[in-house]
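Novice: Just target_38.pdb, nothing more (PDB, N, CA and C atoms):
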```
MODEL        1
ATOM      1  N   MET A 281      11.741  18.461  21.259  1.00  0.00           N
ATOM      2  CA  MET A 281      13.073  18.765  20.784  1.00  0.00           C
ATOM      3  C   MET A 281      12.970  20.001  19.894  1.00  0.00           C
ATOM      4  N   ARG A 282      13.860  20.931  20.123  1.00  0.00           N
ATOM      5  CA  ARG A 282      13.855  22.193  19.379  1.00  0.00           C
ATOM      6  C   ARG A 282      15.077  22.365  18.486  1.00  0.00           C
ATOM      7  N   PHE A 283      16.192  21.733  18.860  1.00  0.00           N
ATOM      8  CA  PHE A 283      17.446  21.909  18.126  1.00  0.00           C
ATOM      9  C   PHE A 283      18.173  20.587  17.957  1.00  0.00           C
ATOM     10  N   LEU A 284      18.994  20.524  16.905  1.00  0.00           N
ATOM     11  CA  LEU A 284      19.960  19.440  16.723  1.00  0.00           C
ATOM     12  C   LEU A 284      21.317  20.014  17.109  1.00  0.00           C
ATOM     13  N   GLU A 285      22.110  19.271  17.832  1.00  0.00           N
ATOM     14  CA  GLU A 285      23.468  19.693  18.156  1.00  0.00           C
ATOM     15  C   GLU A 285      24.405  19.044  17.157  1.00  0.00           C
ATOM     16  N   ILE A 286      25.207  19.874  16.506  1.00  0.00           N
ATOM     17  CA  ILE A 286      26.141  19.386  15.491  1.00  0.00           C
ATOM     18  C   ILE A 286      27.546  19.758  15.921  1.00  0.00           C
ATOM     19  N   GLY A 287      28.466  18.806  15.877  1.00  0.00           N
ATOM     20  CA  GLY A 287      29.862  19.045  16.219  1.00  0.00           C
ATOM     21  C   GLY A 287      30.713  19.002  14.968  1.00  0.00           C
ATOM     22  N   SER A 288      31.712  19.883  14.903  1.00  0.00           N
ATOM     23  CA  SER A 288      32.617  19.877  13.756  1.00  0.00           C
ATOM     24  C   SER A 288      34.032  20.135  14.236  1.00  0.00           C
ATOM     25  N   GLY A 289      34.981  19.690  13.445  1.00  0.00           N
ATOM     26  CA  GLY A 289      36.375  19.875  13.793  1.00  0.00           C
ATOM     27  C   GLY A 289      36.796  18.918  14.897  1.00  0.00           C
ATOM     28  N   GLY A 290      37.955  19.154  15.434  1.00  0.00           N
ATOM     29  CA  GLY A 290      38.444  18.301  16.507  1.00  0.00           C
ATOM     30  C   GLY A 290      38.905  16.948  15.993  1.00  0.00           C
ATOM     31  N   PHE A 291      39.229  16.084  16.936  1.00  0.00           N
ATOM     32  CA  PHE A 291      39.686  14.740  16.604  1.00  0.00           C
ATOM     33  C   PHE A 291      39.032  13.775  17.574  1.00  0.00           C
ATOM     34  N   LEU A 292      38.262  12.837  17.051  1.00  0.00           N
ATOM     35  CA  LEU A 292      37.549  11.846  17.850  1.00  0.00           C
ATOM     36  C   LEU A 292      36.693  12.502  18.942  1.00  0.00           C
ATOM     37  N   GLY A 293      36.076  13.626  18.592  1.00  0.00           N
ATOM     38  CA  GLY A 293      35.200  14.321  19.526  1.00  0.00           C
ATOM     39  C   GLY A 293      35.884  15.293  20.460  1.00  0.00           C
ATOM     40  N   ILE A 294      37.219  15.290  20.474  1.00  0.00           N
ATOM     41  CA  ILE A 294      37.962  16.200  21.350  1.00  0.00           C
ATOM     42  C   ILE A 294      38.234  17.485  20.578  1.00  0.00           C
ATOM     43  N   GLY A 295      37.871  18.608  21.183  1.00  0.00           N
ATOM     44  CA  GLY A 295      38.107  19.901  20.543  1.00  0.00           C
ATOM     45  C   GLY A 295      37.074  20.281  19.509  1.00  0.00           C
ATOM     46  N   GLN A 296      35.948  19.570  19.505  1.00  0.00           N
ATOM     47  CA  GLN A 296      34.891  19.897  18.547  1.00  0.00           C
ATOM     48  C   GLN A 296      34.270  21.250  18.867  1.00  0.00           C
ATOM     49  N   THR A 297      33.840  21.936  17.815  1.00  0.00           N
ATOM     50  CA  THR A 297      33.033  23.131  17.963  1.00  0.00           C
ATOM     51  C   THR A 297      31.592  22.685  17.782  1.00  0.00           C
ATOM     52  N   LYS A 298      30.744  23.041  18.739  1.00  0.00           N
ATOM     53  CA  LYS A 298      29.353  22.627  18.687  1.00  0.00           C
ATOM     54  C   LYS A 298      28.484  23.785  18.243  1.00  0.00           C
ATOM     55  N   ARG A 299      27.466  23.457  17.454  1.00  0.00           N
ATOM     56  CA  ARG A 299      26.503  24.437  16.971  1.00  0.00           C
ATOM     57  C   ARG A 299      25.116  23.820  17.054  1.00  0.00           C
ATOM     58  N   LEU A 300      24.101  24.672  17.144  1.00  0.00           N
ATOM     59  CA  LEU A 300      22.722  24.204  17.162  1.00  0.00           C
ATOM     60  C   LEU A 300      22.054  24.548  15.833  1.00  0.00           C
ATOM     61  N   VAL A 301      21.200  23.649  15.377  1.00  0.00           N
ATOM     62  CA  VAL A 301      20.397  23.861  14.173  1.00  0.00           C
ATOM     63  C   VAL A 301      18.942  23.630  14.577  1.00  0.00           C
ATOM     64  N   PRO A 302      18.052  24.592  14.315  1.00  0.00           N
ATOM     65  CA  PRO A 302      16.641  24.373  14.655  1.00  0.00           C
ATOM     66  C   PRO A 302      16.078  23.166  13.918  1.00  0.00           C
ATOM     67  N   VAL A 303      15.188  22.432  14.570  1.00  0.00           N
ATOM     68  CA  VAL A 303      14.576  21.273  13.907  1.00  0.00           C
ATOM     69  C   VAL A 303      13.769  21.714  12.692  1.00  0.00           C
ATOM     70  N   ASP A 304      13.432  23.000  12.621  1.00  0.00           N
ATOM     71  CA  ASP A 304      12.720  23.520  11.448  1.00  0.00           C
ATOM     72  C   ASP A 304      13.525  23.303  10.170  1.00  0.00           C
ATOM     73  N   ALA A 305      14.849  23.190  10.284  1.00  0.00           N
ATOM     74  CA  ALA A 305      15.718  23.041   9.119  1.00  0.00           C
ATOM     75  C   ALA A 305      15.843  21.590   8.650  1.00  0.00           C
ATOM     76  N   VAL A 306      15.244  20.642   9.372  1.00  0.00           N
ATOM     77  CA  VAL A 306      15.348  19.237   8.975  1.00  0.00           C
ATOM     78  C   VAL A 306      14.573  19.029   7.674  1.00  0.00           C
ATOM     79  N   ALA A 307      15.264  18.532   6.677  1.00  0.00           N
ATOM     80  CA  ALA A 307      14.655  18.295   5.371  1.00  0.00           C
ATOM     81  C   ALA A 307      14.328  16.820   5.159  1.00  0.00           C
ATOM     82  N   ARG A 308      15.164  15.952   5.719  1.00  0.00           N
ATOM     83  CA  ARG A 308      14.990  14.517   5.471  1.00  0.00           C
ATOM     84  C   ARG A 308      15.667  13.741   6.586  1.00  0.00           C
ATOM     85  N   VAL A 309      15.036  12.640   6.979  1.00  0.00           N
ATOM     86  CA  VAL A 309      15.602  11.753   7.992  1.00  0.00           C
ATOM     87  C   VAL A 309      15.730  10.371   7.381  1.00  0.00           C
ATOM     88  N   GLU A 310      16.921   9.825   7.474  1.00  0.00           N
ATOM     89  CA  GLU A 310      17.188   8.469   7.001  1.00  0.00           C
ATOM     90  C   GLU A 310      17.784   7.685   8.160  1.00  0.00           C
ATOM     91  N   GLU A 311      17.851   6.394   8.007  1.00  0.00           N
ATOM     92  CA  GLU A 311      18.483   5.597   9.052  1.00  0.00           C
ATOM     93  C   GLU A 311      19.941   6.025   9.184  1.00  0.00           C
ATOM     94  N   GLY A 312      20.305   6.514  10.348  1.00  0.00           N
ATOM     95  CA  GLY A 312      21.679   6.919  10.604  1.00  0.00           C
ATOM     96  C   GLY A 312      22.055   8.298  10.101  1.00  0.00           C
ATOM     97  N   ALA A 313      21.098   9.079   9.555  1.00  0.00           N
ATOM     98  CA  ALA A 313      21.437  10.404   9.025  1.00  0.00           C
ATOM     99  C   ALA A 313      20.234  11.344   9.099  1.00  0.00           C
ATOM    100  N   VAL A 314      20.530  12.589   9.400  1.00  0.00           N
ATOM    101  CA  VAL A 314      19.532  13.652   9.365  1.00  0.00           C
ATOM    102  C   VAL A 314      20.069  14.717   8.420  1.00  0.00           C
ATOM    103  N   HIS A 315      19.279  15.111   7.433  1.00  0.00           N
ATOM    104  CA  HIS A 315      19.680  16.103   6.446  1.00  0.00           C
ATOM    105  C   HIS A 315      18.959  17.415   6.734  1.00  0.00           C
ATOM    106  N   VAL A 316      19.694  18.529   6.645  1.00  0.00           N
ATOM    107  CA  VAL A 316      19.097  19.840   6.857  1.00  0.00           C
ATOM    108  C   VAL A 316      19.094  20.614   5.549  1.00  0.00           C
ATOM    109  N   ASP A 317      18.210  21.616   5.483  1.00  0.00           N
ATOM    110  CA  ASP A 317      18.052  22.377   4.251  1.00  0.00           C
ATOM    111  C   ASP A 317      18.959  23.608   4.199  1.00  0.00           C
ATOM    112  N   ARG A 318      20.113  23.495   4.788  1.00  0.00           N
ATOM    113  CA  ARG A 318      21.092  24.578   4.785  1.00  0.00           C
ATOM    114  C   ARG A 318      22.450  24.020   4.360  1.00  0.00           C
ATOM    115  N   SER A 319      23.296  24.912   3.849  1.00  0.00           N
ATOM    116  CA  SER A 319      24.621  24.481   3.399  1.00  0.00           C
ATOM    117  C   SER A 319      25.554  24.304   4.598  1.00  0.00           C
ATOM    118  N   ARG A 320      26.642  23.655   4.350  1.00  0.00           N
ATOM    119  CA  ARG A 320      27.674  23.472   5.375  1.00  0.00           C
ATOM    120  C   ARG A 320      28.161  24.841   5.864  1.00  0.00           C
ATOM    121  N   ASP A 321      28.316  25.792   4.933  1.00  0.00           N
ATOM    122  CA  ASP A 321      28.773  27.134   5.308  1.00  0.00           C
ATOM    123  C   ASP A 321      27.776  27.828   6.233  1.00  0.00           C
ATOM    124  N   ASP A 322      26.475  27.628   5.997  1.00  0.00           N
ATOM    125  CA  ASP A 322      25.460  28.205   6.886  1.00  0.00           C
ATOM    126  C   ASP A 322      25.612  27.651   8.296  1.00  0.00           C
ATOM    127  N   VAL A 323      25.817  26.352   8.405  1.00  0.00           N
ATOM    128  CA  VAL A 323      25.955  25.732   9.722  1.00  0.00           C
ATOM    129  C   VAL A 323      27.235  26.202  10.395  1.00  0.00           C
ATOM    130  N   VAL A 324      28.346  26.221   9.668  1.00  0.00           N
ATOM    131  CA  VAL A 324      29.627  26.642  10.242  1.00  0.00           C
ATOM    132  C   VAL A 324      29.582  28.112  10.654  1.00  0.00           C
ATOM    133  N   GLY A 325      28.781  28.923   9.971  1.00  0.00           N
ATOM    134  CA  GLY A 325      28.671  30.344  10.289  1.00  0.00           C
ATOM    135  C   GLY A 325      27.692  30.661  11.404  1.00  0.00           C
ATOM    136  N   SER A 326      27.047  29.653  11.942  1.00  0.00           N
ATOM    137  CA  SER A 326      26.051  29.877  12.995  1.00  0.00           C
ATOM    138  C   SER A 326      26.732  30.119  14.340  1.00  0.00           C
ATOM    139  N   PRO A 327      25.982  30.655  15.312  1.00  0.00           N
ATOM    140  CA  PRO A 327      26.576  30.898  16.633  1.00  0.00           C
ATOM    141  C   PRO A 327      27.089  29.609  17.277  1.00  0.00           C
ATOM    142  N   VAL A 328      28.238  29.697  17.907  1.00  0.00           N
ATOM    143  CA  VAL A 328      28.833  28.546  18.595  1.00  0.00           C
ATOM    144  C   VAL A 328      28.025  28.253  19.850  1.00  0.00           C
ATOM    145  N   TYR A 329      27.874  26.962  20.149  1.00  0.00           N
ATOM    146  CA  TYR A 329      27.134  26.516  21.330  1.00  0.00           C
ATOM    147  C   TYR A 329      28.092  25.858  22.304  1.00  0.00           C
ATOM    148  N   ASP A 330      28.035  26.279  23.552  1.00  0.00           N
ATOM    149  CA  ASP A 330      28.831  25.663  24.610  1.00  0.00           C
ATOM    150  C   ASP A 330      27.863  25.120  25.653  1.00  0.00           C
ATOM    151  N   PRO A 331      27.697  23.802  25.736  1.00  0.00           N
ATOM    152  CA  PRO A 331      26.734  23.227  26.674  1.00  0.00           C
ATOM    153  C   PRO A 331      27.067  23.509  28.137  1.00  0.00           C
ATOM    154  N   GLU A 332      28.289  23.954  28.422  1.00  0.00           N
ATOM    155  CA  GLU A 332      28.689  24.267  29.793  1.00  0.00           C
ATOM    156  C   GLU A 332      28.238  25.667  30.221  1.00  0.00           C
ATOM    157  N   VAL A 333      27.836  26.484  29.258  1.00  0.00           N
ATOM    158  CA  VAL A 333      27.437  27.864  29.543  1.00  0.00           C
ATOM    159  C   VAL A 333      25.918  27.971  29.435  1.00  0.00           C
ATOM    160  N   VAL A 334      25.307  28.573  30.437  1.00  0.00           N
ATOM    161  CA  VAL A 334      23.861  28.779  30.398  1.00  0.00           C
ATOM    162  C   VAL A 334      23.578  29.898  29.400  1.00  0.00           C
ATOM    163  N   VAL A 335      22.699  29.620  28.456  1.00  0.00           N
ATOM    164  CA  VAL A 335      22.352  30.620  27.445  1.00  0.00           C
ATOM    165  C   VAL A 335      20.923  31.081  27.673  1.00  0.00           C
ATOM    166  N   ASP A 336      20.563  32.200  27.078  1.00  0.00           N
ATOM    167  CA  ASP A 336      19.235  32.759  27.270  1.00  0.00           C
ATOM    168  C   ASP A 336      18.468  32.811  25.952  1.00  0.00           C
ATOM    169  N   ALA A 337      17.279  33.390  26.009  1.00  0.00           N
ATOM    170  CA  ALA A 337      16.428  33.481  24.819  1.00  0.00           C
ATOM    171  C   ALA A 337      17.105  34.281  23.715  1.00  0.00           C
ATOM    172  N   GLY A 338      17.968  35.239  24.093  1.00  0.00           N
ATOM    173  CA  GLY A 338      18.687  36.017  23.082  1.00  0.00           C
ATOM    174  C   GLY A 338      19.597  35.140  22.229  1.00  0.00           C
ATOM    175  N   TYR A 339      20.274  34.195  22.864  1.00  0.00           N
ATOM    176  CA  TYR A 339      21.133  33.274  22.108  1.00  0.00           C
ATOM    177  C   TYR A 339      20.286  32.433  21.161  1.00  0.00           C
ATOM    178  N   TYR A 340      19.224  31.829  21.700  1.00  0.00           N
ATOM    179  CA  TYR A 340      18.368  30.977  20.879  1.00  0.00           C
ATOM    180  C   TYR A 340      17.700  31.779  19.764  1.00  0.00           C
ATOM    181  N   GLY A 341      17.303  33.001  20.073  1.00  0.00           N
ATOM    182  CA  GLY A 341      16.733  33.867  19.036  1.00  0.00           C
ATOM    183  C   GLY A 341      17.727  34.139  17.926  1.00  0.00           C
ATOM    184  N   GLY A 342      19.021  34.295  18.302  1.00  0.00           N
ATOM    185  CA  GLY A 342      20.069  34.490  17.307  1.00  0.00           C
ATOM    186  C   GLY A 342      20.263  33.274  16.421  1.00  0.00           C
ATOM    187  N   VAL A 343      20.120  32.085  17.001  1.00  0.00           N
ATOM    188  CA  VAL A 343      20.231  30.850  16.208  1.00  0.00           C
ATOM    189  C   VAL A 343      19.081  30.781  15.202  1.00  0.00           C
ATOM    190  N   TYR A 344      17.863  31.003  15.696  1.00  0.00           N
ATOM    191  CA  TYR A 344      16.716  31.009  14.780  1.00  0.00           C
ATOM    192  C   TYR A 344      16.897  32.070  13.701  1.00  0.00           C
ATOM    193  N   GLY A 345      17.325  33.270  14.091  1.00  0.00           N
ATOM    194  CA  GLY A 345      17.520  34.350  13.128  1.00  0.00           C
ATOM    195  C   GLY A 345      18.568  34.016  12.086  1.00  0.00           C
ATOM    196  N   HIS A 346      19.656  33.370  12.506  1.00  0.00           N
ATOM    197  CA  HIS A 346      20.720  32.997  11.568  1.00  0.00           C
ATOM    198  C   HIS A 346      20.167  32.111  10.452  1.00  0.00           C
ATOM    199  N   TYR A 347      19.289  31.197  10.809  1.00  0.00           N
ATOM    200  CA  TYR A 347      18.730  30.271   9.824  1.00  0.00           C
ATOM    201  C   TYR A 347      17.466  30.810   9.150  1.00  0.00           C
ATOM    202  N   GLY A 348      16.984  31.980   9.597  1.00  0.00           N
ATOM    203  CA  GLY A 348      15.831  32.596   8.954  1.00  0.00           C
ATOM    204  C   GLY A 348      14.487  32.064   9.418  1.00  0.00           C
ATOM    205  N   TYR A 349      14.425  31.537  10.633  1.00  0.00           N
ATOM    206  CA  TYR A 349      13.174  31.003  11.174  1.00  0.00           C
ATOM    207  C   TYR A 349      12.677  31.873  12.317  1.00  0.00           C
ATOM    208  N   THR A 350      11.368  31.855  12.532  1.00  0.00           N
ATOM    209  CA  THR A 350      10.753  32.523  13.663  1.00  0.00           C
ATOM    210  C   THR A 350      10.973  31.666  14.906  1.00  0.00           C
ATOM    211  N   PRO A 351      11.426  32.256  16.027  1.00  0.00           N
ATOM    212  CA  PRO A 351      11.585  31.469  17.250  1.00  0.00           C
ATOM    213  C   PRO A 351      10.259  30.890  17.718  1.00  0.00           C
ATOM    214  N   TYR A 352      10.303  29.734  18.348  1.00  0.00           N
ATOM    215  CA  TYR A 352       9.079  29.032  18.742  1.00  0.00           C
ATOM    216  C   TYR A 352       8.241  29.809  19.750  1.00  0.00           C
ATOM    217  N   TRP A 353       8.809  30.757  20.462  1.00  0.00           N
ATOM    218  CA  TRP A 353       8.046  31.505  21.458  1.00  0.00           C
ATOM    219  C   TRP A 353       7.381  32.757  20.872  1.00  0.00           C
ATOM    220  N   MET A 354       7.592  33.025  19.592  1.00  0.00           N
ATOM    221  CA  MET A 354       7.021  34.215  18.971  1.00  0.00           C
ATOM    222  C   MET A 354       5.670  33.903  18.322  1.00  0.00           C
ATOM    223  N   PRO A 355       4.780  34.903  18.280  1.00  0.00           N
ATOM    224  CA  PRO A 355       3.488  34.693  17.606  1.00  0.00           C
ATOM    225  C   PRO A 355       3.702  34.318  16.139  1.00  0.00           C
ATOM    226  N   GLY A 356       2.887  33.434  15.647  1.00  0.00           N
ATOM    227  CA  GLY A 356       2.965  33.011  14.250  1.00  0.00           C
ATOM    228  C   GLY A 356       3.860  31.817  14.002  1.00  0.00           C
ATOM    229  N   TYR A 357       4.546  31.328  15.040  1.00  0.00           N
ATOM    230  CA  TYR A 357       5.417  30.168  14.858  1.00  0.00           C
ATOM    231  C   TYR A 357       4.573  28.941  14.529  1.00  0.00           C
ATOM    232  N   ILE A 358       4.997  28.180  13.548  1.00  0.00           N
ATOM    233  CA  ILE A 358       4.339  26.927  13.185  1.00  0.00           C
ATOM    234  C   ILE A 358       5.358  25.815  13.379  1.00  0.00           C
ATOM    235  N   TYR A 359       5.040  24.878  14.277  1.00  0.00           N
ATOM    236  CA  TYR A 359       5.963  23.786  14.569  1.00  0.00           C
ATOM    237  C   TYR A 359       6.119  22.896  13.334  1.00  0.00           C
ATOM    238  N   PRO A 360       7.363  22.520  12.969  1.00  0.00           N
ATOM    239  CA  PRO A 360       7.572  21.649  11.817  1.00  0.00           C
ATOM    240  C   PRO A 360       6.937  20.285  12.041  1.00  0.00           C
ATOM    241  N   TYR A 361       6.549  19.674  10.987  1.00  0.00           N
ATOM    242  CA  TYR A 361       5.884  18.375  11.087  1.00  0.00           C
ATOM    243  C   TYR A 361       6.558  17.365  10.186  1.00  0.00           C
ATOM    244  N   GLY A 362       6.334  16.116  10.447  1.00  0.00           N
ATOM    245  CA  GLY A 362       6.850  15.026   9.627  1.00  0.00           C
ATOM    246  C   GLY A 362       5.680  14.237   9.110  1.00  0.00           C
ATOM    247  N   PRO A 363       5.813  13.140   8.482  1.00  0.00           N
ATOM    248  CA  PRO A 363       7.124  12.538   8.195  1.00  0.00           C
ATOM    249  C   PRO A 363       7.873  13.321   7.141  1.00  0.00           C
ATOM    250  N   TYR A 364       9.178  13.216   7.213  1.00  0.00           N
ATOM    251  CA  TYR A 364      10.030  13.938   6.278  1.00  0.00           C
ATOM    252  C   TYR A 364      10.260  13.049   5.060  1.00  0.00           C
ATOM    253  N   PRO A 365      10.324  13.705   3.889  1.00  0.00           N
ATOM    254  CA  PRO A 365      10.540  12.920   2.659  1.00  0.00           C
ATOM    255  C   PRO A 365      11.889  12.240   2.634  1.00  0.00           C
TER     256      PRO A 365
ENDMDL
END
```
Write out the structure in this file as structure tokens.
Specialist:
Amino acid sequence: MRFLEIGSGGFLGIGQTKRLVPVDAVARVEEGAVHVDRSRDDVVGSPVYDPEVVVDAGYYGGVYGHYGYTPYWMPGYIYPYGPYP
């Protein structure tokens, strides 16, 4: 798994805007909740994700860049590890 899909807005899942957050941003996992190390504004300002549209490495690179992480396909990438506090 490389990304978390987060939906916002809409009503009962209809009309939601979807965004991806790299798993590198996961700060803590609890039963029923995953916490990321970014603000709500950072997530809302990230590139919109449409699962119906095929995206390329440029899109994913933009998501990683938005959050300040190196993409997993680039040299020097270190995969995040758990357990999370």
Novice: Write out as a list of chain:residue names all residues of chain A that backbone DSSP assigns to strand (DSSP E or B).
Specialist: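 Written out, the strand (DSSP E or B) residues of chain A are A:Phe283, A:Leu284, A:Glu285, A:Ile286, A:Gly287, A:Ser288, A:Phe291, A:Ile294, A:Thr297, A:Lys298, A:Arg299, A:Leu300, A:Val301, A:Pro302, A:Val306, A:Ala307, A:Arg308, A:Val309, A:Glu310, A:Ala313, A:Val314, A:His315, A:Val316, A:Val328, A:Tyr329.
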Novice: So which bits of chain A end up helix (DSSP H, G or I) when you DSSP the backbone, as a VMD selection string?
Specialist: chain A and resid 303 to 305 320 to 324 337 to 347
Novice: So what does the PyMOL selection byres ((chain A and resi 296-309) around 5) actually pick up in this one, as a short mmCIF file (atom, residue, chain, number, x, y, z; two decimals) with N, CA and C atoms, keeping the file's coordinate frame?
Specialist:
```cif
data_model
loop_
_atom_site.label_atom_id
_atom_site.label_comp_id
_atom_site.auth_asym_id
_atom_site.auth_seq_id
_atom_site.Cartn_x
_atom_site.Cartn_y
_atom_site.Cartn_z
N ARG A 282 13.86 20.93 20.12
CA ARG A 282 13.86 22.19 19.38
C ARG A 282 15.08 22.36 18.49
N PHE A 283 16.19 21.73 18.86
CA PHE A 283 17.45 21.91 18.13
C PHE A 283 18.17 20.59 17.96
N LEU A 284 18.99 20.52 16.90
CA LEU A 284 19.96 19.44 16.72
C LEU A 284 21.32 20.01 17.11
N GLU A 285 22.11 19.27 17.83
CA GLU A 285 23.47 19.69 18.16
C GLU A 285 24.40 19.04 17.16
N ILE A 286 25.21 19.87 16.51
CA ILE A 286 26.14 19.39 15.49
C ILE A 286 27.55 19.76 15.92
N GLY A 287 28.47 18.81 15.88
CA GLY A 287 29.86 19.05 16.22
C GLY A 287 30.71 19.00 14.97
N SER A 288 31.71 19.88 14.90
CA SER A 288 32.62 19.88 13.76
C SER A 288 34.03 20.14 14.24
N GLY A 289 34.98 19.69 13.44
CA GLY A 289 36.38 19.88 13.79
C GLY A 289 36.80 18.92 14.90
N GLY A 290 37.96 19.15 15.43
CA GLY A 290 38.44 18.30 16.51
C GLY A 290 38.90 16.95 15.99
N GLY A 293 36.08 13.63 18.59
CA GLY A 293 35.20 14.32 19.53
C GLY A 293 35.88 15.29 20.46
N ILE A 294 37.22 15.29 20.47
CA ILE A 294 37.96 16.20 21.35
C ILE A 294 38.23 17.48 20.58
N GLY A 295 37.87 18.61 21.18
CA GLY A 295 38.11 19.90 20.54
C GLY A 295 37.07 20.28 19.51
N GLU A 310 16.92 9.82 7.47
CA GLU A 310 17.19 8.47 7.00
C GLU A 310 17.78 7.68 8.16
N GLU A 311 17.85 6.39 8.01
CA GLU A 311 18.48 5.60 9.05
C GLU A 311 19.94 6.02 9.18
N ALA A 313 21.10 9.08 9.56
CA ALA A 313 21.44 10.40 9.02
C ALA A 313 20.23 11.34 9.10
N VAL A 314 20.53 12.59 9.40
CA VAL A 314 19.53 13.65 9.36
C VAL A 314 20.07 14.72 8.42
N HIS A 315 19.28 15.11 7.43
CA HIS A 315 19.68 16.10 6.45
C HIS A 315 18.96 17.42 6.73
N VAL A 316 19.69 18.53 6.64
CA VAL A 316 19.10 19.84 6.86
C VAL A 316 19.09 20.61 5.55
N ASP A 317 18.21 21.62 5.48
CA ASP A 317 18.05 22.38 4.25
C ASP A 317 18.96 23.61 4.20
N VAL A 328 28.24 29.70 17.91
CA VAL A 328 28.83 28.55 18.60
C VAL A 328 28.02 28.25 19.85
N TYR A 329 27.87 26.96 20.15
CA TYR A 329 27.13 26.52 21.33
C TYR A 329 28.09 25.86 22.30
N TYR A 364 9.18 13.22 7.21
CA TYR A 364 10.03 13.94 6.28
C TYR A 364 10.26 13.05 5.06
N PRO A 365 10.32 13.70 3.89
CA PRO A 365 10.54 12.92 2.66
C PRO A 365 11.89 12.24 2.63
#
```
Novice: In Å, with one decimal, what is the gap from atom N of A:Val324 to atom CA of A:Phe291?
Specialist: 17.6 Å
Novice: State, in Å with one decimal place, the distance from atom N of A:Tyr352 to atom C of A:Val335.
Specialist: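 It comes out at 14.2 Å.
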Novice: Could you please determine the separation between atom N of A:Tyr344 and atom C of A:Ser319 in Å, to one decimal place?
Specialist: 15.1 Å
Novice: Axis-aligned box over every listed atom of stretch 314-321 of chain A, padded by 4 Å per side: centre and edges in Å to one decimal, as AutoDock Vina command-line options?
Specialist:
```
--center_x 23.4 --center_y 20.2 --center_z 6.4 --size_x 18.7 --size_y 23.2 --size_z 14.0
```
Novice: May I have the protein, DNA and RNA residues with any atom at most 10 Å from the point (8.9, 29.7, 10.8), counting only C-alpha atoms, written as a list in words?
Specialist: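 With a cut-off of 10 Å, the residues come to Asp304, Ala305, Tyr344, Tyr347, Gly348, Tyr349, Thr350, Pro351, Tyr352, Met354, Gly356, Tyr357, Ile358, Tyr359 and Pro360 of chain A.
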Novice: Save stretch 288-299 of chain A to a file: N, CA, C and O atoms, as a compact mmCIF listing (two decimals), in the first residue's frame.
Specialist:
```
# COMPACT_ATOMS: atom_id res chain seq x y z
N SER A 288 -13.74 13.89 1.23
CA SER A 288 -14.25 15.02 2.01
C SER A 288 -15.40 15.66 1.26
O SER A 288 -15.51 15.55 0.04
N GLY A 289 -16.25 16.33 2.01
CA GLY A 289 -17.40 16.98 1.42
C GLY A 289 -18.47 15.98 1.03
O GLY A 289 -18.41 14.81 1.40
N GLY A 290 -19.43 16.44 0.29
CA GLY A 290 -20.50 15.55 -0.13
C GLY A 290 -21.46 15.23 1.00
O GLY A 290 -21.38 15.76 2.10
N PHE A 291 -22.37 14.32 0.70
CA PHE A 291 -23.36 13.90 1.69
C PHE A 291 -23.52 12.39 1.58
O PHE A 291 -23.86 11.87 0.51
N LEU A 292 -23.24 11.69 2.66
CA LEU A 292 -23.31 10.23 2.71
C LEU A 292 -22.50 9.58 1.59
O LEU A 292 -22.92 8.60 0.97
N GLY A 293 -21.34 10.16 1.30
CA GLY A 293 -20.46 9.61 0.28
C GLY A 293 -20.74 10.06 -1.14
O GLY A 293 -19.97 9.79 -2.05
N ILE A 294 -21.86 10.75 -1.35
CA ILE A 294 -22.21 11.23 -2.69
C ILE A 294 -21.62 12.62 -2.87
O ILE A 294 -21.83 13.51 -2.05
N GLY A 295 -20.87 12.80 -3.95
CA GLY A 295 -20.28 14.10 -4.23
C GLY A 295 -19.00 14.38 -3.48
O GLY A 295 -18.55 15.52 -3.43
N GLN A 296 -18.42 13.34 -2.89
CA GLN A 296 -17.17 13.53 -2.16
C GLN A 296 -16.03 13.87 -3.11
O GLN A 296 -16.00 13.41 -4.24
N THR A 297 -15.10 14.67 -2.61
CA THR A 297 -13.85 14.92 -3.31
C THR A 297 -12.84 13.98 -2.69
O THR A 297 -12.69 13.93 -1.47
N LYS A 298 -12.15 13.21 -3.53
CA LYS A 298 -11.19 12.24 -3.04
C LYS A 298 -9.78 12.77 -3.23
O LYS A 298 -9.47 13.42 -4.21
N ARG A 299 -8.93 12.47 -2.26
CA ARG A 299 -7.52 12.85 -2.30
C ARG A 299 -6.70 11.68 -1.80
O ARG A 299 -7.19 10.84 -1.04
```
